[in-house]
Amino acid sequence: MPGNRLTRSNAPRPGVGIVHLGLGAFYRAFGAVYVAEAMQASGGDWGVVGVSLQSATTRDALAPQDWAYTSVTLGPDGEQTQVIEVLNNVLVAPEDPAAVLRAMADPAVKIVSLTVTEKGYCHAPATGALNPDHPDIQHDLTHDLPRSAPGYIVRALQMRQAAGHPPFTVMTCDNLPENGKLVRGVVLDLARRIEPALADWIAENGRFPATMVDRITPATTADDIARVTAMTGYHDAAPVLHEPFRQWAIEDDFVGGARPDFGAAGAELVADVTAHEHMKLRMLNGTHSALAYLGYLAGYETIAETVADRDFADFVRALWRDEIAPTVAAPPGVSLSDYADALLDRYANPAIRHRTWQIAMDGSQKLPQRILGTLAGNLEVGRAAPGLCLAVAGWMQYVAGTDEKGAKIEVKDPLAAQLRAICDNAQSVADRVRGLLAVKAVFPPALAAQIAASVTAAAEQLAGHGAKQAVARSK
Ligand code: CS2
């Protein structure tokens, strides 16, 4: 490793205007880049305090670099680097929850944004409502220093109300359906259980714009760090590597209108993001998950490797054309078939090593909005959706915990133990499908009954012939 380390420039540091919860690679490759470019174009004090809700890894990597890091755009024919300097500080919530609340309660902070992943909202995936039995919510109901993202938001808003400050805007950037409404719902529900008057104040004064976010950003690996050192000549302990494409549609609904000039950075500020969100969750994330489970089972390590297999590329094209696009009302001016073509090119980008295992994570929290809603949309009009049923069967085989060669799969999912127990107790493939379809946190019972036969048939294909054959035969 060369001796020189990435250092921050002498550029003046903006004041803090944003606290961001969930400082993973995605936010640093996406939201932070937009904020940096918005400030470059139009100024404003929109420096970011990043909060890691779990581990100290990112803070420890970024601290010696004074919170600067490299954003690397990986195109099919080369790369570009950009140093991002919007972070003013990084806090690790479990180490000092009070410091996080103080940062959020600071009246200079106008926005609290979130990328805490689907499970971070502590909701029931099948309904979108707060899960009051979630252990972190149980904790947060009775302690002033919270553990969950909704808990931090509610307690910080409580401090602001008590101090006579306006609320911050809560801007979710996670891939959830109607994500603004969802986070508003869980925050109000939790607040109401703590202090009804606080819930009323938030309901009246708070703002929860929905957003659609899109940039493929695999987790950074040790190899990536070495690669960035070779590219730049300095050592960056926490670079982010991502595709060139990016798209952000934001509902323009902020407390007092206070926000960075996101439009100057290329974001679309719209009145309603529903159309963008449906398109992205169903067309992109839905096929990402389908390819992740089936590709993993077929032995592929990355999405690019998976779609390099012609059977899988044909499978995903057919999914878009026959089962997904017909359920999506495209945003004005967008052609869904062009969108699908562009997606396949993005997936095929060989420079992006997006592991099927990474996308397969947390499937119980992802399936409803990515695949099950689309399945329901097909059933409503009497259209069969065999490819989506195969994707559900792929998830079921995956969470059983053994791959096609008999090797153990490391299944990461908040429901992993429950799902595994169902699979271990099942006497047959059909029995396993029955057991998993009965998990109400994931499958609404009416839908489960409607898809049981097709998912069982798909699961039997998968178990009998393996994922590659099942995908090839599904055409
Ligand atoms: C992926 C997403 O990990 C996953 O589940 O489907 O993170 C995906 O890469 C992004 O939503 C792309 O914008």
# chains A, B, ... in the order shown; residues from 1 in each chain; ligands from 1

call {"tool": "residues_near_ligand", "arguments": {"ligand": "ligand 1", "cutoff": "10 Å", "atoms": "only C-alpha atoms and all ligand atoms", "output": "PyMOL selection string"}}
result
chain A and resi 26+30+117-118+173-176+212-219+242-243+245-248+280-281+284-292+347+354-363+365-367+370

call {"tool": "residues_around", "arguments": {"residues": "Ala308 (chain A)", "least_positions_apart": "3", "cutoff": "10 Å", "atoms": "only C-alpha atoms", "output": "PyMOL selection string"}}
result
chain A and resi 300+302-305+311-313+347-350

call {"tool": "select_by_dssp", "arguments": {"residues": "region 278-449 of chain A", "states": "alpha helix (DSSP H)", "output": "number ranges by chain"}}
result
A: 278-279, 286-297, 303-308, 310-318, 336-348, 356-360, 363-367, 373-380, 386-399, 416-425, 429-437, 445-449

call {"tool": "residues_around", "arguments": {"residues": "region 5-21 of chain A", "least_positions_apart": "3", "cutoff": "8 Å", "atoms": "only C-alpha atoms", "output": "PyMOL selection string"}}
result
chain A and resi 2+44-53+65-69+85-86+88+103-104+108-116+149+234-236

call {"tool": "closest_residue", "arguments": {"among": "A:Ala197, A:Val439, A:Val471, A:Ala446", "to": "Leu319 (chain A)", "atoms": "only C-alpha atoms"}}
result
A:Val471

call {"tool": "residues_around", "arguments": {"residues": "Thr456 (chain A)", "least_positions_apart": "4", "cutoff": "7 Å", "atoms": "only C-alpha atoms", "output": "number ranges by chain"}}
result
A: 430, 433, 452, 460

call {"tool": "atom_distance", "arguments": {"atom1": "CA of Asp261 (chain A)", "atom2": "CA of Arg207 (chain A)"}}
result
17.5 Å

call {"tool": "select_by_dssp", "arguments": {"residues": "region 131-377 of chain A", "states": "strand (DSSP E)", "output": "JSON, numbers by chain"}}
result
{"A": [169, 170, 171, 172, 211, 212, 213, 214, 240, 241, 242, 247, 248, 249, 250, 251, 268, 269, 270]}

call {"tool": "write_last_selection", "arguments": {"atoms": "all heavy atoms", "output": "compact mmCIF listing (two decimals), in the first residue's frame"}}
result
# COMPACT_ATOMS: atom_id res chain seq x y z
N THR A 169 -37.74 17.16 8.20
CA THR A 169 -38.36 16.31 7.19
C THR A 169 -37.75 14.92 7.30
O THR A 169 -36.53 14.79 7.45
CB THR A 169 -38.08 16.87 5.78
OG1 THR A 169 -38.68 18.16 5.69
CG2 THR A 169 -38.61 15.96 4.68
N VAL A 170 -38.58 13.90 7.24
CA VAL A 170 -38.07 12.52 7.25
C VAL A 170 -38.09 12.02 5.80
O VAL A 170 -39.15 11.92 5.19
CB VAL A 170 -38.96 11.61 8.12
CG1 VAL A 170 -38.48 10.16 8.05
CG2 VAL A 170 -38.98 12.11 9.57
N MET A 171 -36.91 11.80 5.26
CA MET A 171 -36.83 11.41 3.85
C MET A 171 -36.27 9.99 3.74
O MET A 171 -35.07 9.75 3.88
CB MET A 171 -35.94 12.38 3.08
CG MET A 171 -35.85 12.01 1.60
SD MET A 171 -35.05 13.27 0.59
CE MET A 171 -33.40 13.24 1.22
N THR A 172 -37.15 9.04 3.49
CA THR A 172 -36.69 7.66 3.36
C THR A 172 -36.16 7.40 1.96
O THR A 172 -36.72 7.88 0.97
CB THR A 172 -37.83 6.66 3.67
OG1 THR A 172 -37.48 5.38 3.14
CG2 THR A 172 -39.14 7.07 3.04
N THR A 211 -39.65 8.73 -1.95
CA THR A 211 -38.60 8.86 -2.95
C THR A 211 -38.42 7.53 -3.68
O THR A 211 -38.70 6.48 -3.11
CB THR A 211 -37.22 9.21 -2.32
OG1 THR A 211 -36.76 8.10 -1.57
CG2 THR A 211 -37.29 10.43 -1.43
N MET A 212 -37.98 7.61 -4.90
CA MET A 212 -37.55 6.40 -5.62
C MET A 212 -36.07 6.56 -5.88
O MET A 212 -35.64 7.56 -6.45
CB MET A 212 -38.32 6.26 -6.94
CG MET A 212 -37.91 5.04 -7.73
SD MET A 212 -36.48 5.34 -8.76
CE MET A 212 -37.26 5.45 -10.35
N VAL A 213 -35.28 5.63 -5.38
CA VAL A 213 -33.82 5.73 -5.50
C VAL A 213 -33.32 4.61 -6.40
O VAL A 213 -33.86 3.50 -6.37
CB VAL A 213 -33.14 5.61 -4.12
CG1 VAL A 213 -33.52 6.78 -3.22
CG2 VAL A 213 -33.46 4.29 -3.43
N ASP A 214 -32.29 4.89 -7.17
CA ASP A 214 -31.76 3.82 -8.02
C ASP A 214 -30.30 4.05 -8.40
O ASP A 214 -29.98 5.01 -9.11
CB ASP A 214 -32.62 3.70 -9.29
CG ASP A 214 -32.28 2.45 -10.09
OD1 ASP A 214 -31.49 1.62 -9.60
OD2 ASP A 214 -32.81 2.32 -11.21
N VAL A 240 -16.51 3.77 -2.30
CA VAL A 240 -17.73 3.09 -2.78
C VAL A 240 -17.64 2.94 -4.29
O VAL A 240 -17.16 3.85 -4.99
CB VAL A 240 -19.02 3.86 -2.39
CG1 VAL A 240 -19.29 3.70 -0.90
CG2 VAL A 240 -18.96 5.33 -2.77
N LEU A 241 -18.07 1.79 -4.80
CA LEU A 241 -17.98 1.50 -6.23
C LEU A 241 -19.38 1.22 -6.75
O LEU A 241 -20.12 0.44 -6.12
CB LEU A 241 -17.06 0.29 -6.47
CG LEU A 241 -15.60 0.50 -6.07
CD1 LEU A 241 -15.37 0.17 -4.60
CD2 LEU A 241 -14.68 -0.37 -6.92
N HIS A 242 -19.73 1.84 -7.86
CA HIS A 242 -21.11 1.76 -8.32
C HIS A 242 -21.18 1.90 -9.82
O HIS A 242 -20.21 2.30 -10.47
CB HIS A 242 -21.93 2.86 -7.63
CG HIS A 242 -21.28 4.20 -7.75
ND1 HIS A 242 -21.32 4.93 -8.91
CD2 HIS A 242 -20.49 4.91 -6.89
CE1 HIS A 242 -20.62 6.04 -8.75
NE2 HIS A 242 -20.09 6.05 -7.54
N GLN A 247 -30.73 7.44 -10.63
CA GLN A 247 -32.02 8.11 -10.79
C GLN A 247 -32.63 8.32 -9.42
O GLN A 247 -32.66 7.39 -8.59
CB GLN A 247 -32.96 7.25 -11.65
CG GLN A 247 -34.26 7.97 -11.97
CD GLN A 247 -35.21 7.15 -12.85
OE1 GLN A 247 -35.02 5.95 -13.03
NE2 GLN A 247 -36.22 7.81 -13.37
N TRP A 248 -33.11 9.54 -9.21
CA TRP A 248 -33.74 9.83 -7.91
C TRP A 248 -34.99 10.66 -8.19
O TRP A 248 -34.90 11.76 -8.75
CB TRP A 248 -32.78 10.63 -7.02
CG TRP A 248 -33.11 10.61 -5.57
CD1 TRP A 248 -34.16 9.97 -4.97
CD2 TRP A 248 -32.38 11.25 -4.51
NE1 TRP A 248 -34.12 10.15 -3.60
CE2 TRP A 248 -33.04 10.93 -3.30
CE3 TRP A 248 -31.23 12.03 -4.46
CZ2 TRP A 248 -32.59 11.40 -2.06
CZ3 TRP A 248 -30.78 12.48 -3.23
CH2 TRP A 248 -31.45 12.17 -2.04
N ALA A 249 -36.13 10.13 -7.86
CA ALA A 249 -37.38 10.89 -7.95
C ALA A 249 -37.82 11.17 -6.51
O ALA A 249 -37.88 10.26 -5.68
CB ALA A 249 -38.44 10.09 -8.69
N ILE A 250 -38.08 12.44 -6.24
CA ILE A 250 -38.36 12.87 -4.85
C ILE A 250 -39.67 13.65 -4.84
O ILE A 250 -39.84 14.57 -5.64
CB ILE A 250 -37.23 13.81 -4.33
CG1 ILE A 250 -35.86 13.14 -4.47
CG2 ILE A 250 -37.49 14.23 -2.89
CD1 ILE A 250 -34.68 14.06 -4.15
N GLU A 251 -40.55 13.28 -3.93
CA GLU A 251 -41.78 14.05 -3.75
C GLU A 251 -41.39 15.38 -3.12
O GLU A 251 -40.74 15.39 -2.06
CB GLU A 251 -42.69 13.30 -2.78
CG GLU A 251 -44.07 13.07 -3.29
CD GLU A 251 -44.76 12.02 -2.46
OE1 GLU A 251 -44.89 12.21 -1.23
OE2 GLU A 251 -45.14 10.99 -3.04
N GLU A 268 -35.25 14.25 -9.95
CA GLU A 268 -36.55 14.72 -10.44
C GLU A 268 -37.41 15.02 -9.23
O GLU A 268 -37.68 14.13 -8.43
CB GLU A 268 -37.24 13.63 -11.26
CG GLU A 268 -36.47 13.19 -12.49
CD GLU A 268 -36.94 11.82 -12.99
OE1 GLU A 268 -38.11 11.70 -13.42
OE2 GLU A 268 -36.13 10.87 -12.92
N LEU A 269 -37.86 16.27 -9.11
CA LEU A 269 -38.76 16.62 -8.00
C LEU A 269 -40.17 16.55 -8.54
O LEU A 269 -40.51 17.25 -9.50
CB LEU A 269 -38.37 18.00 -7.47
CG LEU A 269 -37.03 17.86 -6.75
CD1 LEU A 269 -36.10 18.99 -7.03
CD2 LEU A 269 -37.23 17.64 -5.26
N VAL A 270 -40.95 15.68 -7.97
CA VAL A 270 -42.28 15.40 -8.56
C VAL A 270 -43.34 15.51 -7.46
O VAL A 270 -43.06 15.53 -6.27
CB VAL A 270 -42.32 13.98 -9.18
CG1 VAL A 270 -41.35 13.86 -10.34
CG2 VAL A 270 -42.02 12.91 -8.14

call {"tool": "closest_residue", "arguments": {"among": "A:Ala470, A:Asp431, A:Ala351, A:Tyr152", "to": "Asp136 (chain A)", "atoms": "only C-alpha atoms"}}
result
A:Tyr152

call {"tool": "atom_distance", "arguments": {"atom1": "CA of Gly435 (chain A)", "atom2": "CA of Leu419 (chain A)"}}
result
8.7 Å

call {"tool": "residues_around", "arguments": {"residues": "region 399-415 of chain A", "least_positions_apart": "2", "cutoff": "6 Å", "atoms": "only C-alpha atoms", "output": "PyMOL selection string"}}
result
chain A and resi 297+361-362+396-397+417-418+420+423

call {"tool": "closest_residue", "arguments": {"among": "A:Gln82, A:Pro260, A:Met231, A:Ala329", "to": "His276 (chain A)", "atoms": "only C-alpha atoms"}}
result
A:Ala329

call {"tool": "residues_around", "arguments": {"residues": "region 153-162 of chain A", "least_positions_apart": "6", "cutoff": "8 Å", "atoms": "only C-alpha atoms", "output": "list in words"}}
result
Leu101, Arg102, Met104, Ala105, Asp106, Pro107, Asp144, Leu145, Pro146, Phe168, Val187, Leu190, Ala191, Leu198, Trp201 and Ile202 of chain A

call {"tool": "residues_around", "arguments": {"residues": "Phe262 (chain A)", "least_positions_apart": "6", "cutoff": "7 Å", "atoms": "only C-alpha atoms", "output": "PyMOL selection string"}}
result
chain A and resi 34-35+38

call {"tool": "decode", "arguments": {"residues": "region 69-102 of chain A", "atoms": "N, CA, C and O atoms", "output": "mmCIF file, in the first residue's frame"}}
result
data_model
loop_
_atom_site.group_PDB
_atom_site.id
_atom_site.type_symbol
_atom_site.label_atom_id
_atom_site.label_comp_id
_atom_site.auth_asym_id
_atom_site.auth_seq_id
_atom_site.Cartn_x
_atom_site.Cartn_y
_atom_site.Cartn_z
ATOM 1 N N TYR A 69 -14.213 10.418 1.207
ATOM 2 C CA TYR A 69 -14.048 9.088 0.607
ATOM 3 C C TYR A 69 -14.197 9.212 -0.904
ATOM 4 O O TYR A 69 -14.652 10.237 -1.424
ATOM 5 N N THR A 70 -13.831 8.137 -1.582
ATOM 6 C CA THR A 70 -13.837 8.145 -3.045
ATOM 7 C C THR A 70 -15.060 7.410 -3.562
ATOM 8 O O THR A 70 -15.368 6.307 -3.108
ATOM 9 N N SER A 71 -15.729 8.052 -4.512
ATOM 10 C CA SER A 71 -16.856 7.414 -5.188
ATOM 11 C C SER A 71 -16.336 7.021 -6.581
ATOM 12 O O SER A 71 -15.804 7.863 -7.308
ATOM 13 N N VAL A 72 -16.447 5.736 -6.903
ATOM 14 C CA VAL A 72 -15.864 5.233 -8.158
ATOM 15 C C VAL A 72 -16.986 4.766 -9.070
ATOM 16 O O VAL A 72 -17.762 3.882 -8.717
ATOM 17 N N THR A 73 -17.069 5.376 -10.237
ATOM 18 C CA THR A 73 -18.066 4.981 -11.224
ATOM 19 C C THR A 73 -17.451 3.921 -12.128
ATOM 20 O O THR A 73 -16.424 4.171 -12.771
ATOM 21 N N LEU A 74 -18.059 2.746 -12.142
ATOM 22 C CA LEU A 74 -17.518 1.638 -12.943
ATOM 23 C C LEU A 74 -18.374 1.453 -14.190
ATOM 24 O O LEU A 74 -19.476 0.901 -14.130
ATOM 25 N N GLY A 75 -17.868 1.938 -15.298
ATOM 26 C CA GLY A 75 -18.573 1.723 -16.566
ATOM 27 C C GLY A 75 -18.057 0.456 -17.209
ATOM 28 O O GLY A 75 -17.016 -0.073 -16.797
ATOM 29 N N PRO A 76 -18.755 -0.034 -18.233
ATOM 30 C CA PRO A 76 -18.268 -1.229 -18.914
ATOM 31 C C PRO A 76 -16.875 -1.001 -19.522
ATOM 32 O O PRO A 76 -16.096 -1.936 -19.668
ATOM 33 N N ASP A 77 -16.555 0.277 -19.862
ATOM 34 C CA ASP A 77 -15.248 0.514 -20.499
ATOM 35 C C ASP A 77 -14.317 1.394 -19.683
ATOM 36 O O ASP A 77 -13.521 2.120 -20.233
ATOM 37 N N GLY A 78 -14.457 1.401 -18.393
ATOM 38 C CA GLY A 78 -13.492 2.189 -17.621
ATOM 39 C C GLY A 78 -14.138 2.844 -16.432
ATOM 40 O O GLY A 78 -15.337 2.731 -16.228
ATOM 41 N N GLU A 79 -13.280 3.515 -15.649
ATOM 42 C CA GLU A 79 -13.811 4.049 -14.399
ATOM 43 C C GLU A 79 -13.453 5.516 -14.225
ATOM 44 O O GLU A 79 -12.547 6.013 -14.869
ATOM 45 N N GLN A 80 -14.211 6.160 -13.313
ATOM 46 C CA GLN A 80 -13.949 7.553 -12.976
ATOM 47 C C GLN A 80 -14.031 7.676 -11.470
ATOM 48 O O GLN A 80 -14.877 7.008 -10.860
ATOM 49 N N THR A 81 -13.202 8.543 -10.888
ATOM 50 C CA THR A 81 -13.283 8.691 -9.437
ATOM 51 C C THR A 81 -13.602 10.135 -9.063
ATOM 52 O O THR A 81 -13.291 11.068 -9.806
ATOM 53 N N GLN A 82 -14.246 10.274 -7.909
ATOM 54 C CA GLN A 82 -14.648 11.595 -7.421
ATOM 55 C C GLN A 82 -14.531 11.539 -5.891
ATOM 56 O O GLN A 82 -15.007 10.563 -5.289
ATOM 57 N N VAL A 83 -13.897 12.543 -5.284
ATOM 58 C CA VAL A 83 -13.808 12.535 -3.820
ATOM 59 C C VAL A 83 -15.021 13.289 -3.266
ATOM 60 O O VAL A 83 -15.332 14.395 -3.707
ATOM 61 N N ILE A 84 -15.717 12.641 -2.333
ATOM 62 C CA ILE A 84 -16.955 13.211 -1.785
ATOM 63 C C ILE A 84 -16.662 13.734 -0.382
ATOM 64 O O ILE A 84 -16.154 13.003 0.473
ATOM 65 N N GLU A 85 -17.010 14.998 -0.160
ATOM 66 C CA GLU A 85 -16.664 15.631 1.122
ATOM 67 C C GLU A 85 -17.875 16.232 1.812
ATOM 68 O O GLU A 85 -17.798 17.327 2.349
ATOM 69 N N VAL A 86 -18.974 15.546 1.777
ATOM 70 C CA VAL A 86 -20.171 16.130 2.422
ATOM 71 C C VAL A 86 -20.352 15.712 3.870
ATOM 72 O O VAL A 86 -21.155 16.291 4.586
ATOM 73 N N LEU A 87 -19.633 14.662 4.291
ATOM 74 C CA LEU A 87 -19.820 14.210 5.676
ATOM 75 C C LEU A 87 -19.041 15.111 6.614
ATOM 76 O O LEU A 87 -17.855 15.379 6.388
ATOM 77 N N ASN A 88 -19.701 15.596 7.662
ATOM 78 C CA ASN A 88 -19.009 16.417 8.658
ATOM 79 C C ASN A 88 -18.637 15.611 9.891
ATOM 80 O O ASN A 88 -17.839 16.033 10.704
ATOM 81 N N ASN A 89 -19.322 14.463 10.039
ATOM 82 C CA ASN A 89 -19.060 13.647 11.216
ATOM 83 C C ASN A 89 -19.776 12.316 11.007
ATOM 84 O O ASN A 89 -20.715 12.233 10.203
ATOM 85 N N VAL A 90 -19.327 11.288 11.708
ATOM 86 C CA VAL A 90 -20.035 10.003 11.680
ATOM 87 C C VAL A 90 -20.209 9.542 13.127
ATOM 88 O O VAL A 90 -19.242 9.515 13.894
ATOM 89 N N LEU A 91 -21.434 9.201 13.477
ATOM 90 C CA LEU A 91 -21.739 8.720 14.832
ATOM 91 C C LEU A 91 -22.120 7.249 14.764
ATOM 92 O O LEU A 91 -22.698 6.802 13.775
ATOM 93 N N VAL A 92 -21.791 6.529 15.826
ATOM 94 C CA VAL A 92 -22.162 5.115 15.901
ATOM 95 C C VAL A 92 -23.226 5.000 16.983
ATOM 96 O O VAL A 92 -22.940 5.154 18.179
ATOM 97 N N ALA A 93 -24.462 4.748 16.556
ATOM 98 C CA ALA A 93 -25.593 4.874 17.476
ATOM 99 C C ALA A 93 -25.462 4.032 18.746
ATOM 100 O O ALA A 93 -25.666 4.557 19.840
ATOM 101 N N PRO A 94 -25.116 2.744 18.656
ATOM 102 C CA PRO A 94 -25.083 1.968 19.903
ATOM 103 C C PRO A 94 -24.035 2.468 20.893
ATOM 104 O O PRO A 94 -24.172 2.268 22.089
ATOM 105 N N GLU A 95 -22.988 3.141 20.404
ATOM 106 C CA GLU A 95 -21.957 3.657 21.325
ATOM 107 C C GLU A 95 -22.463 4.853 22.111
ATOM 108 O O GLU A 95 -22.106 5.051 23.261
ATOM 109 N N ASP A 96 -23.254 5.695 21.452
ATOM 110 C CA ASP A 96 -23.679 6.930 22.108
ATOM 111 C C ASP A 96 -25.014 7.402 21.526
ATOM 112 O O ASP A 96 -25.078 8.363 20.743
ATOM 113 N N PRO A 97 -26.106 6.746 21.917
ATOM 114 C CA PRO A 97 -27.398 7.121 21.342
ATOM 115 C C PRO A 97 -27.774 8.573 21.645
ATOM 116 O O PRO A 97 -28.421 9.234 20.818
ATOM 117 N N ALA A 98 -27.349 9.074 22.796
ATOM 118 C CA ALA A 98 -27.712 10.457 23.139
ATOM 119 C C ALA A 98 -27.081 11.439 22.150
ATOM 120 O O ALA A 98 -27.688 12.459 21.796
ATOM 121 N N ALA A 99 -25.863 11.135 21.687
ATOM 122 C CA ALA A 99 -25.204 12.036 20.731
ATOM 123 C C ALA A 99 -25.990 12.066 19.413
ATOM 124 O O ALA A 99 -26.099 13.102 18.761
ATOM 125 N N VAL A 100 -26.547 10.916 19.038
ATOM 126 C CA VAL A 100 -27.348 10.865 17.797
ATOM 127 C C VAL A 100 -28.607 11.714 17.976
ATOM 128 O O VAL A 100 -28.965 12.514 17.096
ATOM 129 N N LEU A 101 -29.259 11.575 19.122
ATOM 130 C CA LEU A 101 -30.474 12.374 19.357
ATOM 131 C C LEU A 101 -30.144 13.868 19.378
ATOM 132 O O LEU A 101 -30.889 14.676 18.814
ATOM 133 N N ARG A 102 -29.020 14.216 19.992
ATOM 134 C CA ARG A 102 -28.629 15.644 20.022
ATOM 135 C C ARG A 102 -28.431 16.166 18.603
ATOM 136 O O ARG A 102 -28.889 17.248 18.264
#
